[in-house]
Amino acid sequence: MSLFGYPATVIHYHPGVDDWGRPITADPVIKDAKVIEEQKLVKNAKGEEITIAYTVYLEGINAVGFDDWLLYTDAIGTEIRIDVRHYEIRKFLGTDDVKEVVLYG
């Protein structure tokens with residue numbers, strides 16, 4: 001476990017819906033990320049406190065939703081599925097340019 005995070009490669013699954021509103025299978029996309037394994041309380045979009053175990057930082061613009069999940073291999077080789085419970089979009093100060101997307105799961 002690292003408090004500063006591990007540079008990692010994650011596989012991001014972002015499911016969608018078709019024109020009729022039916023779910024479409026998610027295509028895996030490999031992305032570079034920084035993963036911090038630490039349990040903490042965060043507030044979700046409804047203002048409820050939730051316990052999360054993983055914080056994932058994705059650089060740049062990334063499409064994210066609450067139906068998404070990530071596959072991550074930790075330092076000891078265990079593959080972990082991280083379901084998105086909350087996310088934040090961080091921007092550069094004074095601009096609308098996206099700096100990073102932070103996922104909590």
# chains A, B, ... in the order shown; residues from 1 in each chain; ligands from 1
>>> residues_around(residues="stretch 42-51 of chain A", least_positions_apart="4", cutoff="9 Å", atoms="only C-alpha atoms", output="ChimeraX atom specification")
/A:85-87,104-105
>>> residues_around(residues="stretch 26-40 of chain A", least_positions_apart="2", cutoff="6 Å", atoms="only C-alpha atoms", output="number ranges by chain")
A: 1, 5-15, 51-58
>>> write_last_selection(atoms="N, CA and C atoms", output="compact mmCIF listing (two decimals), in the first residue's frame")
# COMPACT_ATOMS: atom_id res chain seq x y z
N MET A 1 0.84 -1.18 0.00
CA MET A 1 0.00 0.00 0.00
C MET A 1 0.88 1.23 0.00
N GLY A 5 0.64 6.67 -4.11
CA GLY A 5 0.04 6.06 -5.28
C GLY A 5 1.04 5.34 -6.16
N TYR A 6 0.51 4.44 -6.95
CA TYR A 6 1.30 3.66 -7.89
C TYR A 6 1.00 4.13 -9.30
N PRO A 7 2.04 4.38 -10.12
CA PRO A 7 1.73 4.55 -11.53
C PRO A 7 1.26 3.19 -12.05
N ALA A 8 0.18 3.19 -12.73
CA ALA A 8 -0.41 1.91 -13.12
C ALA A 8 -1.06 2.03 -14.49
N THR A 9 -1.34 0.87 -15.04
CA THR A 9 -2.14 0.78 -16.25
C THR A 9 -3.46 0.14 -15.85
N VAL A 10 -4.56 0.82 -16.16
CA VAL A 10 -5.88 0.30 -15.82
C VAL A 10 -6.64 0.04 -17.11
N ILE A 11 -7.58 -0.87 -17.03
CA ILE A 11 -8.48 -1.15 -18.15
C ILE A 11 -9.83 -0.56 -17.77
N HIS A 12 -10.26 0.44 -18.56
CA HIS A 12 -11.49 1.18 -18.28
C HIS A 12 -12.63 0.64 -19.14
N TYR A 13 -13.72 0.28 -18.49
CA TYR A 13 -14.94 -0.18 -19.18
C TYR A 13 -16.00 0.89 -19.02
N HIS A 14 -16.45 1.45 -20.14
CA HIS A 14 -17.46 2.53 -20.14
C HIS A 14 -18.66 2.07 -20.97
N PRO A 15 -19.67 1.45 -20.31
CA PRO A 15 -20.83 0.98 -21.07
C PRO A 15 -21.70 2.16 -21.52
N THR A 51 -17.71 5.02 1.95
CA THR A 51 -16.36 4.54 2.17
C THR A 51 -15.79 4.05 0.85
N ILE A 52 -14.61 4.53 0.51
CA ILE A 52 -13.95 4.09 -0.70
C ILE A 52 -12.59 3.50 -0.35
N ALA A 53 -12.09 2.63 -1.20
CA ALA A 53 -10.80 2.00 -0.95
C ALA A 53 -9.76 2.39 -1.98
N TYR A 54 -10.18 2.90 -3.13
CA TYR A 54 -9.26 3.24 -4.21
C TYR A 54 -9.57 4.61 -4.77
N THR A 55 -8.53 5.39 -5.01
CA THR A 55 -8.63 6.66 -5.71
C THR A 55 -7.79 6.54 -6.97
N VAL A 56 -8.40 6.79 -8.12
CA VAL A 56 -7.73 6.63 -9.41
C VAL A 56 -7.70 7.98 -10.11
N TYR A 57 -6.51 8.41 -10.51
CA TYR A 57 -6.31 9.66 -11.23
C TYR A 57 -6.06 9.36 -12.69
N LEU A 58 -6.91 9.87 -13.58
CA LEU A 58 -6.75 9.73 -15.03
C LEU A 58 -6.45 11.10 -15.61
>>> select_by_dssp(residues="chain A", states="strand (DSSP E or B)", output="PyMOL selection string")
chain A and resi 6-13+16-17+23-24+28-43+49-59+69-73+79-83+86-91+98-104
>>> closest_residue(among="A:Ile61, A:Ile24, A:Ala75, A:Val17", to="A:Asp96", atoms="only C-alpha atoms")
A:Ile61
>>> decode(residues="stretch 2-32 of chain A", atoms="N, CA and C atoms", output="PDB file, in the first residue's frame")
ATOM      1  N   SER A   2       0.538   2.205  -0.833  1.00  0.00           N
ATOM      2  CA  SER A   2       1.312   3.431  -0.935  1.00  0.00           C
ATOM      3  C   SER A   2       0.402   4.627  -0.731  1.00  0.00           C
ATOM      4  N   LEU A   3       0.854   5.569   0.076  1.00  0.00           N
ATOM      5  CA  LEU A   3       0.073   6.788   0.275  1.00  0.00           C
ATOM      6  C   LEU A   3       0.240   7.754  -0.891  1.00  0.00           C
ATOM      7  N   PHE A   4       1.301   7.574  -1.680  1.00  0.00           N
ATOM      8  CA  PHE A   4       1.552   8.463  -2.801  1.00  0.00           C
ATOM      9  C   PHE A   4       1.033   7.900  -4.108  1.00  0.00           C
ATOM     10  N   GLY A   5       0.638   6.669  -4.112  1.00  0.00           N
ATOM     11  CA  GLY A   5       0.041   6.061  -5.284  1.00  0.00           C
ATOM     12  C   GLY A   5       1.035   5.339  -6.157  1.00  0.00           C
ATOM     13  N   TYR A   6       0.514   4.439  -6.953  1.00  0.00           N
ATOM     14  CA  TYR A   6       1.303   3.660  -7.891  1.00  0.00           C
ATOM     15  C   TYR A   6       0.995   4.134  -9.302  1.00  0.00           C
ATOM     16  N   PRO A   7       2.041   4.381 -10.119  1.00  0.00           N
ATOM     17  CA  PRO A   7       1.732   4.545 -11.534  1.00  0.00           C
ATOM     18  C   PRO A   7       1.264   3.189 -12.051  1.00  0.00           C
ATOM     19  N   ALA A   8       0.177   3.190 -12.729  1.00  0.00           N
ATOM     20  CA  ALA A   8      -0.413   1.909 -13.117  1.00  0.00           C
ATOM     21  C   ALA A   8      -1.058   2.025 -14.487  1.00  0.00           C
ATOM     22  N   THR A   9      -1.342   0.874 -15.042  1.00  0.00           N
ATOM     23  CA  THR A   9      -2.140   0.776 -16.253  1.00  0.00           C
ATOM     24  C   THR A   9      -3.459   0.137 -15.850  1.00  0.00           C
ATOM     25  N   VAL A  10      -4.558   0.825 -16.155  1.00  0.00           N
ATOM     26  CA  VAL A  10      -5.877   0.302 -15.820  1.00  0.00           C
ATOM     27  C   VAL A  10      -6.641   0.042 -17.111  1.00  0.00           C
ATOM     28  N   ILE A  11      -7.582  -0.871 -17.025  1.00  0.00           N
ATOM     29  CA  ILE A  11      -8.478  -1.150 -18.146  1.00  0.00           C
ATOM     30  C   ILE A  11      -9.830  -0.555 -17.775  1.00  0.00           C
ATOM     31  N   HIS A  12     -10.262   0.438 -18.558  1.00  0.00           N
ATOM     32  CA  HIS A  12     -11.488   1.182 -18.279  1.00  0.00           C
ATOM     33  C   HIS A  12     -12.627   0.639 -19.137  1.00  0.00           C
ATOM     34  N   TYR A  13     -13.718   0.283 -18.494  1.00  0.00           N
ATOM     35  CA  TYR A  13     -14.936  -0.178 -19.177  1.00  0.00           C
ATOM     36  C   TYR A  13     -16.002   0.895 -19.018  1.00  0.00           C
ATOM     37  N   HIS A  14     -16.450   1.454 -20.141  1.00  0.00           N
ATOM     38  CA  HIS A  14     -17.456   2.528 -20.137  1.00  0.00           C
ATOM     39  C   HIS A  14     -18.658   2.073 -20.969  1.00  0.00           C
ATOM     40  N   PRO A  15     -19.666   1.449 -20.308  1.00  0.00           N
ATOM     41  CA  PRO A  15     -20.827   0.983 -21.073  1.00  0.00           C
ATOM     42  C   PRO A  15     -21.696   2.160 -21.517  1.00  0.00           C
ATOM     43  N   GLY A  16     -22.430   1.940 -22.560  1.00  0.00           N
ATOM     44  CA  GLY A  16     -23.318   2.984 -23.065  1.00  0.00           C
ATOM     45  C   GLY A  16     -24.695   2.431 -23.346  1.00  0.00           C
ATOM     46  N   VAL A  17     -25.519   3.242 -24.009  1.00  0.00           N
ATOM     47  CA  VAL A  17     -26.856   2.810 -24.411  1.00  0.00           C
ATOM     48  C   VAL A  17     -27.032   3.120 -25.894  1.00  0.00           C
ATOM     49  N   ASP A  18     -27.878   2.321 -26.552  1.00  0.00           N
ATOM     50  CA  ASP A  18     -28.134   2.563 -27.961  1.00  0.00           C
ATOM     51  C   ASP A  18     -29.257   3.581 -28.119  1.00  0.00           C
ATOM     52  N   ASP A  19     -29.727   3.762 -29.360  1.00  0.00           N
ATOM     53  CA  ASP A  19     -30.783   4.746 -29.638  1.00  0.00           C
ATOM     54  C   ASP A  19     -32.093   4.416 -28.945  1.00  0.00           C
ATOM     55  N   TRP A  20     -32.298   3.171 -28.568  1.00  0.00           N
ATOM     56  CA  TRP A  20     -33.523   2.736 -27.923  1.00  0.00           C
ATOM     57  C   TRP A  20     -33.397   2.696 -26.403  1.00  0.00           C
ATOM     58  N   GLY A  21     -32.228   3.066 -25.884  1.00  0.00           N
ATOM     59  CA  GLY A  21     -32.036   3.066 -24.442  1.00  0.00           C
ATOM     60  C   GLY A  21     -31.610   1.732 -23.859  1.00  0.00           C
ATOM     61  N   ARG A  22     -31.281   0.780 -24.731  1.00  0.00           N
ATOM     62  CA  ARG A  22     -30.820  -0.525 -24.270  1.00  0.00           C
ATOM     63  C   ARG A  22     -29.321  -0.477 -24.002  1.00  0.00           C
ATOM     64  N   PRO A  23     -28.848  -1.187 -22.977  1.00  0.00           N
ATOM     65  CA  PRO A  23     -27.405  -1.152 -22.682  1.00  0.00           C
ATOM     66  C   PRO A  23     -26.581  -1.832 -23.764  1.00  0.00           C
ATOM     67  N   ILE A  24     -25.426  -1.241 -24.040  1.00  0.00           N
ATOM     68  CA  ILE A  24     -24.468  -1.780 -24.993  1.00  0.00           C
ATOM     69  C   ILE A  24     -23.279  -2.309 -24.191  1.00  0.00           C
ATOM     70  N   THR A  25     -22.685  -3.404 -24.646  1.00  0.00           N
ATOM     71  CA  THR A  25     -21.526  -3.930 -23.935  1.00  0.00           C
ATOM     72  C   THR A  25     -20.380  -2.924 -23.971  1.00  0.00           C
ATOM     73  N   ALA A  26     -19.609  -2.919 -22.902  1.00  0.00           N
ATOM     74  CA  ALA A  26     -18.514  -1.967 -22.767  1.00  0.00           C
ATOM     75  C   ALA A  26     -17.264  -2.492 -23.458  1.00  0.00           C
ATOM     76  N   ASP A  27     -16.625  -1.638 -24.229  1.00  0.00           N
ATOM     77  CA  ASP A  27     -15.354  -1.993 -24.853  1.00  0.00           C
ATOM     78  C   ASP A  27     -14.224  -1.582 -23.916  1.00  0.00           C
ATOM     79  N   PRO A  28     -13.270  -2.460 -23.655  1.00  0.00           N
ATOM     80  CA  PRO A  28     -12.173  -2.106 -22.757  1.00  0.00           C
ATOM     81  C   PRO A  28     -11.190  -1.132 -23.415  1.00  0.00           C
ATOM     82  N   VAL A  29     -10.766  -0.135 -22.639  1.00  0.00           N
ATOM     83  CA  VAL A  29      -9.779   0.844 -23.089  1.00  0.00           C
ATOM     84  C   VAL A  29      -8.652   0.865 -22.064  1.00  0.00           C
ATOM     85  N   ILE A  30      -7.419   0.680 -22.520  1.00  0.00           N
ATOM     86  CA  ILE A  30      -6.268   0.679 -21.616  1.00  0.00           C
ATOM     87  C   ILE A  30      -5.795   2.117 -21.434  1.00  0.00           C
ATOM     88  N   LYS A  31      -5.644   2.535 -20.152  1.00  0.00           N
ATOM     89  CA  LYS A  31      -5.249   3.904 -19.840  1.00  0.00           C
ATOM     90  C   LYS A  31      -4.174   3.916 -18.770  1.00  0.00           C
ATOM     91  N   ASP A  32      -3.323   4.930 -18.826  1.00  0.00           N
ATOM     92  CA  ASP A  32      -2.344   5.157 -17.769  1.00  0.00           C
ATOM     93  C   ASP A  32      -3.026   5.917 -16.641  1.00  0.00           C
TER      94      ASP A  32
END
